[in-house]
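Asker: One structure, as structure tokens, below. Some questions next.
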Amino acid sequence: ESPPSPTYLDRLNAEQRDAVLHGSGAIADPLLVIAGAGSGKTNTLAHRVAHLIVSGADPRRILLMTFSRRAAQEMGKRVERITREVIGEKAAILADGLTWAGTFHAIGARLIREYAPIIGLSDAFSIHDRADSADLMNLVRHELGLSKTKSRFPAKGTCVAIYSRCVNAEADLEEVLKTSFPWCLDWVAALKALFAAYVDAKQAQNVLDYDDLLLYWRAMVTEAGLGEEIGGRFDHVLVDEYQDTNKLQAAILTGMKPDGRGLTVVGDDAQSIYSFRGAEVRNILDFPGLFAQPARMVTLERNYRSTAPILEAANAVIAQARERHAKDLWTERTSTAKPKLVTVREENDQAAYVCEEVLAMREAGTLLKHQAVLFRASHHSGPLEIELTRRNIPFVKFGGLKFLDAAHIKDTLATLRFADNPRDRVAGFRVLQLIPGVGPSTAGAIMDALAVTEDPVGELAAFPIAAKAREEWAGFVALVSDLRRRAIAWPAEIERVRRWYEPHLERRHEEDADIRKADLAQLEQIAAAAPDRARFLTDLTLDPPDATSDMAGPPLLDEDYLILSTIHSAKGQEWKQVFVLNCVDGCIPSDLAVGTSNEIEEERRLLYVAMTRAKDALHLVTPQRFYTHGQRSRGDRHVYASRTRFIDTSSLDRYERCAWPTAPRSAEAAAARAAVQPVDLKAKMKGMWR
Ligand code: ATP
Ligand code: MG
């Protein structure tokens, strides 16, 4: 007789249960769950992990890859809750063992550091975020003389984007330029030279950028022959949001698990929105045929998230898509409230509308954090942020300006990074120039000296520094020496850095030094939660905390706040009420995307992702006039906009359509005005003196 099945299985539908039970808790043939938004893919994945653990799998041998660190943490908590039902208190210990959960990049960073000595890297490598990469690209560009003489050479950010695209899509430079950066086609040879020099610079400085974390991982499990070794450390490898992986990530999976055994991937081809970063929707479509033993495929069709009117509107948007695997979804969540299609005059009205509706919903009992405002690009929330601030409505913004972008945070992190890896020129330039009397050329000379020495502290101490800077310099050398010797335990050493840095901060940012100091205090709190310096720097670089409306205050952990997010960062999440800003042509689809039909299709999926985040209420807002930012040489300007083309006339009756401020009120006002008898006030004024 078989043991009674755990109660958590009762909460799943038959297909979800199939996916959870596939292989009965043992290492099994590859599994693909492909299904639409809100059908419980992530939930099913959490149950599968829980079921594996309950069935005896070692959590330390489970590799779980998600879209963000936050998603990984939530998954961990969910797994603990589910397993607790069966194994009680032991659940916490086992969930703690689920240490290999995170983004591809974060896991890559850990594995590369571990195997660094075997693959010719120093394990003290530092990781560059996109801004650091752009800075390094810029340094290299100057060295090659590619910026002064050739004024129309692509900007540093564009160079990084092109480079990154080639790496992630494993595509040829010319091909990438033709399809995505046609205005850069004149620079093929120069870009090739630049990228070659950029790679040399990274290696000389012992630096890896985001793309390297995938590139080296892939190379480790293929060319370097470590596939069996690394793959063998994990019995189960599970991936959420598989539709947004690229070729490198697919190659990493097959490199680790050539027969696909133990592999589970989950995703929705209709939600693939990262092709601009080289994501390949073909990855998920081709998955079943990758292995000798074909993958088991499970599809889910019931949506548990949204009410029927919202789901039907979203289905109508995606139904027009050219090519799609997953079928339409159905739900049992009936409602009479249709999604709203709201016309406003311009973006300030849009902001006011959102504030009023958010507060009304709050009054009716829905917390702010169960409501979200989504937009295409980070700068679209500008007017709304101003309005929210004016009305004292707290908010958190995801996918926008990061905590890390602040100069004082960068200075602090660069100090730690420089101490770890004194060859890192981007970090070095930043830190050295904090010291009064050290300018770009001195910093350059110091970095040149550090590039060839084996004794960085000695080199720094002996460097002929100008007399007036000597005292400051000695303090700096002592700091670097302490950090390199690890004279102070983690995380107290970050306080040591802060004490050294504060006078510099006060000198440079007199006006708002106190606010910035509060940020540093917050950084110390984050540090306290990290096991060591390397993990702290890696996690923060790969997945920085988001900016809040109250950066200076304590973290808003227990407070209520509205969520602002780019659509890209809203992936996988859900809220009771959702607003989508600027649902107009030129924004969704973006002006920038109105090129190939592939780009347009991706924009359609983006709107689908946005709409399917809503559980109970959805507002698509369309300003008649909106502001576009310097797009492709057309400059900033106001444009008159019309409703997004993805909502065609035939589907308009799926929406409640309204104008705001409400039409009746302005009609009443006009009627009131018409009723007033004209008087000649001018004559009256004159008459006063006659
Ligand atoms: P997305 O495509 O947006 O990532 P998803 O397919 O991963 O969505 P989930 O986020 O896992 O969907 O689930 C959506 C919602 O439905 C969640 O609130 C989840 O708790 C709920 N849900 C999932 N499965 C069930 C079920 N069998 N019974 C009740 N609720 C469920
Ligand atoms: Mg999900």
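By order of appearance in the structure tokens: chains A, B, ..., then residues from 1 within every chain, and ligands from 1 in the order shown.
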Just list as an NGL selection string whatever in range 297-400 of chain A DSSP marks as strand (DSSP E or B).
Answerer: :A and (297-300 or 302 or 330 or 340-344 or 371-375 or 395-400)
Asker: Do you know which residues are within 10 Å of ligand 2 using only C-alpha atoms and all ligand atoms? Can you write them as a list in words?
Answerer: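 These are the residues that qualify: Ala35, Gly36, Ala37, Gly38, Ser39, Gly40, Lys41, Thr42, Asn43, Thr44, Leu45, Thr66, Phe67, Ala71, Asp240, Glu241, Val266, Gly267, Asp268, Lys571, Gly572, Gln573 and Glu574 of chain A.
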Asker: Using C-alpha atoms, can you write the selected residues to a file as a short mmCIF file (atom, residue, chain, number, x, y, z; two decimals), in the first residue's frame?
Answerer:
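Output (again.cif):
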```cif
data_model
loop_
_atom_site.label_atom_id
_atom_site.label_comp_id
_atom_site.auth_asym_id
_atom_site.auth_seq_id
_atom_site.Cartn_x
_atom_site.Cartn_y
_atom_site.Cartn_z
CA ALA A 35 1.96 27.57 -20.08
CA GLY A 36 0.41 31.03 -20.06
CA ALA A 37 0.57 33.77 -17.48
CA GLY A 38 -0.78 33.12 -14.01
CA SER A 39 -1.33 29.41 -14.65
CA GLY A 40 0.79 28.45 -11.67
CA LYS A 41 4.15 27.68 -13.29
CA THR A 42 6.21 29.26 -10.53
CA ASN A 43 3.92 27.78 -7.91
CA THR A 44 4.31 24.36 -9.50
CA LEU A 45 8.08 24.73 -9.55
CA THR A 66 15.18 32.34 -11.24
CA PHE A 67 14.84 35.72 -12.83
CA ALA A 71 12.32 35.60 -6.80
CA ASP A 240 11.92 29.46 -14.07
CA GLU A 241 11.13 31.98 -16.86
CA VAL A 266 9.32 26.31 -16.92
CA GLY A 267 8.14 29.23 -19.03
CA ASP A 268 5.74 30.91 -21.42
CA LYS A 571 7.89 39.64 -14.68
CA GLY A 572 6.42 36.81 -12.64
CA GLN A 573 4.71 39.11 -10.13
CA GLU A 574 1.05 39.95 -9.43
#
```
Asker: Between CA of His236 in chain A and CA of Gly262 in chain A, what is the distance in Å, rounded to a tenth?
Answerer: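 Atom-to-atom, CA of His236 in chain A and CA of Gly262 in chain A are spaced 4.5 Å apart.
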Asker: Determine the nearest neighbour of Gln73 in chain A from the options A:Glu524, A:Glu15, A:Asp96, A:Asp482, counting only C-alpha atoms.
Answerer: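 Going through A:Glu524, A:Glu15, A:Asp96, A:Asp482 one by one, the smallest distance to Gln73 in chain A is for A:Asp96.
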Asker: By how many Å are CA of Pro531 in chain A and CA of Pro491 in chain A apart?
Answerer: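 Value for the CA of Pro531 in chain A-CA of Pro491 in chain A distance: 8.3 Å.
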Asker: Find the nearest atom pair between each residue of range 237-295 of chain A and range 211-225 of chain A for residues within 9 Å, count only C-alpha atoms, give distances in Å to one decimal, sort rows by chain and ascending number, and present the table as a Markdown table.
Answerer:
```
| residue | atom | partner | partner_atom | distance |
| --- | --- | --- | --- | --- |
| A:Leu248 | CA | A:Arg218 | CA | 6.4 |
| A:Gln249 | CA | A:Leu214 | CA | 6.9 |
| A:Ala251 | CA | A:Arg218 | CA | 6.4 |
| A:Ile252 | CA | A:Arg218 | CA | 4.9 |
| A:Leu253 | CA | A:Arg218 | CA | 8.6 |
| A:Thr254 | CA | A:Val221 | CA | 8.8 |
| A:Gly255 | CA | A:Val221 | CA | 5.1 |
| A:Met256 | CA | A:Val221 | CA | 6.1 |
```
Asker: Mind writing the picked residues with C-alpha atoms as a PDB file, in the first residue's frame?
Answerer:
```pdb
ATOM      1  CA  LEU A 248      24.684  30.647 -23.616  1.00  0.00           C
ATOM      2  CA  GLN A 249      22.301  29.675 -20.853  1.00  0.00           C
ATOM      3  CA  ALA A 251      24.437  25.607 -23.582  1.00  0.00           C
ATOM      4  CA  ILE A 252      25.239  25.808 -19.864  1.00  0.00           C
ATOM      5  CA  LEU A 253      22.313  23.490 -19.088  1.00  0.00           C
ATOM      6  CA  THR A 254      23.179  20.948 -21.762  1.00  0.00           C
ATOM      7  CA  GLY A 255      26.863  21.179 -20.810  1.00  0.00           C
ATOM      8  CA  MET A 256      26.007  20.234 -17.238  1.00  0.00           C
TER       9      MET A 256
END
```
Asker: With a distance cut-off of 6 Å and only C-alpha atoms, select the neighbouring residues of range 596-611 of chain A, excluding the residue or stretch itself and same-chain residues fewer than 6 positions from it, and output the selection as number ranges by chain.
Answerer: A: 270-271, 273, 314, 567, 589
Asker: Could you tell me how far CA of Glu170 in chain A lies from CA of Asn246 in chain A, in Å and to one decimal?
Answerer: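 Taking CA of Glu170 in chain A as the start and CA of Asn246 in chain A as the end point, the length is 9.1 Å.
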Asker: Can you check which residues of range 91-327 of chain A DSSP gives as helix (DSSP H, G or I) on the backbone and send them as number ranges by chain?
Answerer: A: 91-96, 104-119, 130-143, 156-169, 173-180, 182-205, 210-221, 227-231, 242-244, 247-256, 269-271, 275-277, 282-289, 308-319
Asker: Skipping near chain neighbours, those fewer than 5 positions away, what residues fall within 8 Å of range 192-200 of chain A using only C-alpha atoms, listed as a list in words?
Answerer: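 Those residues are Leu136, Met137, Val140, Arg141, Leu144, Tyr163 and Leu173 of chain A.
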Asker: Store the residues of this selection in a file with C-alpha atoms, as a short mmCIF file (atom, residue, chain, number, x, y, z; two decimals), in the first residue's frame.
Answerer:
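Generated output (again26.cif):
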```cif
data_model
loop_
_atom_site.label_atom_id
_atom_site.label_comp_id
_atom_site.auth_asym_id
_atom_site.auth_seq_id
_atom_site.Cartn_x
_atom_site.Cartn_y
_atom_site.Cartn_z
CA LEU A 136 36.08 50.54 -19.02
CA MET A 137 34.91 50.55 -22.64
CA VAL A 140 39.86 51.56 -23.88
CA ARG A 141 38.24 53.71 -26.53
CA LEU A 144 42.69 53.54 -29.15
CA TYR A 163 29.38 43.86 -27.50
CA LEU A 173 29.32 41.58 -35.18
#
```
Asker: A:Gln320, A:Gln293, A:Asn421, A:Thr336: which is nearest Ala124 in chain A, counting only C-alpha atoms?
Answerer: A:Asn421
Asker: Taking only C-alpha atoms into account, which of A:Ala570, A:Ala19, A:Ile119, A:Ala28 comes nearest Lys257 in chain A?
Answerer: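 The answer is A:Ala28, which sits nearest to Lys257 in chain A.
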Asker: With only C-alpha atoms as the basis for distance, which of A:Thr299, A:Asn348, A:Thr7, A:Thr179 is at the shortest distance from Leu31 in chain A?
Answerer: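 Comparing A:Thr299, A:Asn348, A:Thr7, A:Thr179 against Leu31 in chain A, the winner is A:Thr299.
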Asker: Looking at A:Gln16, A:Thr366, A:Ser272, A:Ser133, which one is nearest to ligand 1, with distances taken over only C-alpha atoms and all ligand atoms?
Answerer: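 Counting only C-alpha atoms and all ligand atoms, the residue closest to ligand 1 is A:Gln16.
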